[in-house]
Structures are given as C-alpha cells and as structure tokens.
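Before any comments, here is the structure.
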Amino acid sequence: METQLDPMKDDLPLMANTSYMLLKHYVLDLDVDFKSKVIEGSIVLFFETGSQYRKTISAGKECCQSQFDETCKMRASEPCHIPMINVSTCSSKTECNDFAVSGKEEEATSDGNSNHSNNEQASGISSSKDCCDIEDHGNKDFLLVLDCCDLSVLKVEELDVAAVSGIEKFTRSAKLTGVSKELENIRNQIVHELVTLPADHWKEQLYYFTHCSQAPGCGELLFSTGTWSLEIRKSGIQSPADFPHAIRIWYKTKPEGRSVTWTTDQSGRPCVYTMGSPINNRALFPCQEPPTALSTWQASVRTASGFVVLMSGENSAEPVQLREGILSWYYYVSMPMPASTFTIAVGCWQEVKQQSFKQKAAIGTNTEFSSPSSQTDLRWHEEICGHVEYPCRFQNPAARLQAVIPYRVFAPWCLMESCEEYLLHLVPQCLSAAYATLGTHPFSRLDVLIVPSNFSSLGMASPHIIFLSQSVLPGGSHLCGTRLCHEIAHAWFGLAIGARDWTEEWISEGFATFLEDIFWARAQQLPHDEIKEQQELKALLRWRRLRDEVQNSEEELQVLRPKKESTGEVSESGASVVKYGLKAEKIFMQVHYLKGYFLLRSLARKIGEVSYLASLRKFVIKFHGQLVLSQDFLSMLLEDIPKQKQSGLTVESIFQNWLDTSGIPKLLPDQLVLLLEFLLEEKTLCPRILQCLERTYQLREQDAEVRHRWCELVIKHKYEPGYGDIERFLREDQAMGVYLYGELMVNEDAKQQELARKCFAAAQEHMDASSAKVVAEMLF
C-alpha cells in the first residue's frame, strides 16, 4: 500500500514506521502551565526492533532501503501517553521546531501546509523520496518516524541506560545472543531485556523504566518535524537494530494544539483535557499511532496546588507536594494499549461522595444480578489468553468475581449536587449489570468525570476513566444511565478489544450501542415485558435517526468497512491512513453506531438472545487484549452457531449486505413490515421520504404483507405516485384488499374515493360475494 500522502485530503495519515521499530513503553514527565496554556517536559521512548526488520534479517536481506522511502508515505498509528520528567535543566527558550543537530540548535523555516516530508532544510535533509540521504555523502541512515503534530520539539537525545545503578543484571544475557560488548549494543540489549520481562515482574519493570528514563544523555540525535511527523536519525546508523532503543525527547505543546482543549469548567475555573480529537494525542506527545503499536506507559504530571490530575492509569494517584504551591501526580498502566487511549484531565475537580449507608444500599440492590451470566465463563477463563503477556485480570481469580470495581466520581463544584443525586448511585448498578452480561471487568478501577460544557459528545471512554457531558444530568436518571452503560460497554468493546483498522469503528460503537440497552435493562431490574417494550421503542427511534442520516449524508460515509478487502492492510513500514479520518462532518455522524447496532440486533434475533450473549462472552474471553477485524467476530459467531451457515448466513453475505455498502441494509419481510408499521404512526411523511423508502427497499417487489403496509402509507400521506401500487394490490391481492377500500374512503379525498370506486368496478364481478357486499357498503 504505497499511497502518497496528501495532507489536504480527508484521510488521517498514520506515519510511524512500526514495522521497523516498535514502541513498547513511554515515560512522560510534564509540567502543566495554565498561564501560557502549554504542557512542557520530556518523553522517554523504549523500543524493540520491529517485526519487518527481523523477518528481513532472517532471510539474509538488507532491510533499510524500502523503509527510508516509506517516510514520504502514510502510516497507521495511535497516540501515546507521556510520563513526566523534570525539565528544569533544559527548558530552553529556543524552539527548534524543524531541525536540531548534535550540540547546536538551529531555527529553519517550515511551510505549515507542507507534506510530512520536509521541505529542504538547513541540515540538507531533502523532501525528495530519497529523504534519508545525509548531507554530503550517499549513505542512507535509518530514519525513525513518529506521529507528531502541533508540537515544538526542542531536543532529541540517546540515553545511556548502561549508566543506571543496578542495571548490570540486564547485560548478562548479552553473551547468549552473541552480540559484541560495544557500549551501544549493550544499551540496546538492556532495553530488550527490560521490555521483555515476564508479566509477574511488572513492578520491577516499572522501577527500572523509571530509573532508565532519568539516565544521562549520551549524544543528541538529528531530527526534523513535518506536518504530521517527527523524523529522527543518528549519523552513520543504517539499521533499526543498531538505532538507539531508548531516546528522550524534550518538547512542549502549543496553545492551539488539537489534542487537548484549554477552557474553563462550569464553575469558571481553568482546566485542560483530551477531548477525543480526530488527530488523537499526537499534538500532546510524539508517539506511534498505529493500533498495532500497543504499549505501556507511566507519567508524572506537575501542576499548581488546587488542581487535580486525572488520567487513564490503573492506579488512583495521590498527589505529592514537591515544593510550596506545586503538586506532582503519578500514574501508570501495565496493560499494553494503543497510544490513542491515553487520556488526561487537569482541573479543579471535586470528588463527589455519598453517605456510607446510601452507598451500601446502592450496591446491595444489585446483588441479584451480580454473578456471571453463564457457568461456562469459568471454563473459558481457564484457557490461556491469546494476547501479549501482561498482568491480566481474566487470569486473576479475585478479579473474576468482582462485580463492581472501585470507582470515583468527579465534577466541578457547582455540579456536585446533581452528580450525587443521579450519577453516583448509577455507577455501581451499571457496573454490576455489565459484569452480569459480559463477566470480568477488563480494568481494575473507574473514574467518572463531568467535563466542561464545550465537550462535543455525550460521553467518551478510556481505560480507567469515563468523560460524561453535563447534558446527561438534568431530567432524571434515564439519559445518564443509558450513556453511562454505553461508555462502560467500551471497556470490553473498543478498549480491551480494539479495531485493528480504525476505519472499522463500528466494532466499538455498534457493540456499545447494542450492549447499552442490555446493561440498562439489567441495571433497572425491569420485568421481561418492559424490557422488550423499552428496547423496541429504542430501536424505532434509532431507525428513524439512521434513516434521516442516510438520506442526508454522503454515501461514502455510510460504509462501515470503507477499505473493504484492503481493511487491516498497511505498507511495508507499517504506515497507513484512516480513511475519512479528518472529514469534519464524520465526527457528528452516527451511522457506525446505528448501522452497527442494527447488524448486531439482526444477528441476535436470528440466533436467539441467550445464545448470542453467550457467544459475546466467549468472544471477549478469546480476544481481550487484542486487535480484531470484523471477520474475527463474525467467523467465530457462525462457527458457534453452525445452523446459521446452513441457512445461507455467511461472513461474505454480511459484508455485502451490511458492511461494504452504503444505505440501510436489505431487511427481511417481517422487519420491513415492522418498519412500515412504525412509519404509519408518523403524522406526516414528505413525498421525498416515501420515494426514497420505496426505492431503497424495492417495496413494489416485496410480498403481500409488505406491499399492504406500503399501500396504507400511500393512502395516509396521499402519495399520488403510489396510487398505481394500490390499484395493482386491489386487483391482484383481493384476499387482503378489503381493508384498503375502507382506508381510501375514510380520508374523504376525492381522488382516493374515485380510485376506490374504479378498482371495485374493475374487480367486482370476479370478487367473492361476501367481500363484494362488504366493499359495496363502504363505497356507496
């Protein structure tokens, strides 16, 4: 996939060359300054040599040439988390935004509208395809490409991890690999040993990551920045294996950077948070964006006293006072996740607390549905996990029995009362309902934050933290509960199980929309009949929204798998694009939510809800901690329910009818009847909608039940282009047409009454005597 990058298009480029060097861990050390609206500090990156380079080496080939030219092409990547480091020693006023060479920093002009391949710079790095050539000689240095946007990069340096006290234990295995004892090779060997420590050594690993991140620099690296990327090289290093595997980047964000928003909360206090930007976190820290770049992270964030730092870490951080007026907050994660899942919110948040007896009562009411829904869950948990090694909750007996994980609720001061009244007691109910449906919670804790009013969504889920809009609070618990259930569902679908190709966002949003109904019904403990009524009503409302969106949006944006058979493919270096990822109107579309929901609802109805939910739980057990494509879920589901294959339901047919085409999928006759019955309840439908409805579903070619409802719609809304369909129905389907005569007459419309009499006159002598008598009484 060698597509040339055009930053003016609607596609989001993912530039990082993950196939050559793969990021395994980030250490961020940051200061938050509300006066300048800047986050400044450093990020330390720990790498492994990428799979593509290892494959090439094993085949006895030289691997660097093709990768170098890849820097002029797109890539698929995800943003990463940046832990905090003391930057007092390097807070230079000079911003080397475009290029720095070891020991000196130079400012160079840069075209802000340029491609990620840099214009010619003072350093001699060219914007041509041969952009790895070094100034005055023809050798090609290896070029590390990171995803980066709207950042001022000040310095990039190699770390001397060999200088860290106690690190000698990680050099002993160097003799096993036959590498030389040269210092550079030893440094990379240390990093390799560190990033490959077994999961039960995760605390030791974090300890050494911390100390290695504070190691002295041992030489600055050449770098240049482009519209979408940060490119780093070391003179004379021509392969990823020899490139430094631990580097530190000093940088600061820009006030206009698109990854975070600086604003005030509802109480008028300043705050900053990641708001789910289309460019993810690349304007917050340099990272590898592709979903395949799963990494762990740790972060120290310093801010003024009075501010609370919330992050998507697995620990509930407690602030440490560094000096008067300055607090430091430390978070970490031990489960590898895409960098796009990193989340931070810094503000004067207040924790919402409740009387202890109320809290106990809220949790106690959920004991009836807090056990796993299927005993087979226990058997599935005994299987070996399919993900890379990390401390997995699915293998932890205590975690598997935890219906309600520890949680906290935060909000601006002025919204605390509303949160206590509605939100606080809903959290344990919804968590317990989710556990009853899907089993083990993938994450160990949960913070819920009411974000500022400029938040453009009702909610956003990240590991260990959920953002909710203030709009969910007024008017009772219904909207708050359903949205909370939706975001909790993302813990399984979207986070613990992610899409390998970001264009398949229905895997996240379709599942969360489907599951929110099930979670919310269980949280309310409704009787079966009420559950069905509530879900049918929601389905109707969603259908109308989907119908409206399909009629008023570009067809290309209605396709759930826009890359079709190329879904999941990346270039040799790991680069790709997110199709339509930057298209402004796509942010506000719900087609991936709604069309995905109706696909899952259709499958549940065919298979039966009990069997279907059992398959979902099995899918979670098999694929948690991994990235998937649509076919992974569909193939497993059809293998579990073989009779569906026999009925003609296949992965290919689902692709054709649901995922690879625009518009609303072809419905079964019963579904069409239900849709038309719902539409008959509408007071008005304009001719354009009726025309679109007929063409979309080819209603004139459907069975008599469907065509009967279509004729009723035509009569109710006096849709004259459909009068011929009524005439045909009354002539050919006399067994079902009597009712339509009455409808034609009751509207007291002259044209319809004339049509009724005309049809009766043509069919009367062939009609059953009883039917003819009844119709005659209606007409005359």
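Letters for chains follow the order of the structure tokens (A, B, ...), residue numbers begin at 1 for each chain, and ligand numbers begin at 1 in the order shown.
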>> Residues within 9 Å of Leu680 in chain A, please, as a ChimeraX atom specification. Count only C-alpha atoms; anything in the same chain fewer than 6 positions from it doesn't count.
In response: /A:709,712-713,716
>> I want to know what sits within 7 Å of range 459-475 of chain A, based on only C-alpha atoms, with residues of the same chain fewer than 2 positions away left out; could you give that as an MDAnalysis selection string?
In response: chainID A and resid 312:314 341 343 418 443 445:451 453 455 457 477 479:480 483 487 490:491 495
> Where does DSSP see strand (DSSP E) in range 491-731 of chain A, if you list the residues as a list in words?
Replying inline: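 Output for range 491-731 of chain A, strand (DSSP E) only: Ile497, Gly498, Ala499, Ser576, Val577, Val578, Gln626, Leu627 and Val628 of chain A.
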Keeping C-alpha atoms, export the residues of the selection given above as an mmCIF file, in the first residue's frame.
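The resulting result_23.cif:
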data_model
loop_
_atom_site.group_PDB
_atom_site.id
_atom_site.type_symbol
_atom_site.label_atom_id
_atom_site.label_comp_id
_atom_site.auth_asym_id
_atom_site.auth_seq_id
_atom_site.Cartn_x
_atom_site.Cartn_y
_atom_site.Cartn_z
ATOM 1 C CA ILE A 497 -10.819 -5.431 22.290
ATOM 2 C CA GLY A 498 -9.800 -2.837 19.719
ATOM 3 C CA ALA A 499 -10.184 -2.499 15.964
ATOM 4 C CA SER A 576 -1.367 3.576 6.578
ATOM 5 C CA VAL A 577 -4.243 6.040 6.598
ATOM 6 C CA VAL A 578 -7.558 6.287 8.391
ATOM 7 C CA GLN A 626 -6.039 -7.999 21.117
ATOM 8 C CA LEU A 627 -6.911 -6.106 17.949
ATOM 9 C CA VAL A 628 -9.560 -7.571 15.671
#
> Between A:Arg500, A:Lys538, A:Lys583, A:His25, which one has atoms that come closest to Gly568 in chain A, using only C-alpha atoms?
Replying inline: A:Arg500
> Which of these residues is nearest to Cys271 in chain A, using only C-alpha atoms: A:Ile384, A:Ile607, A:Val32, A:Ala398?
Replying inline: A:Val32
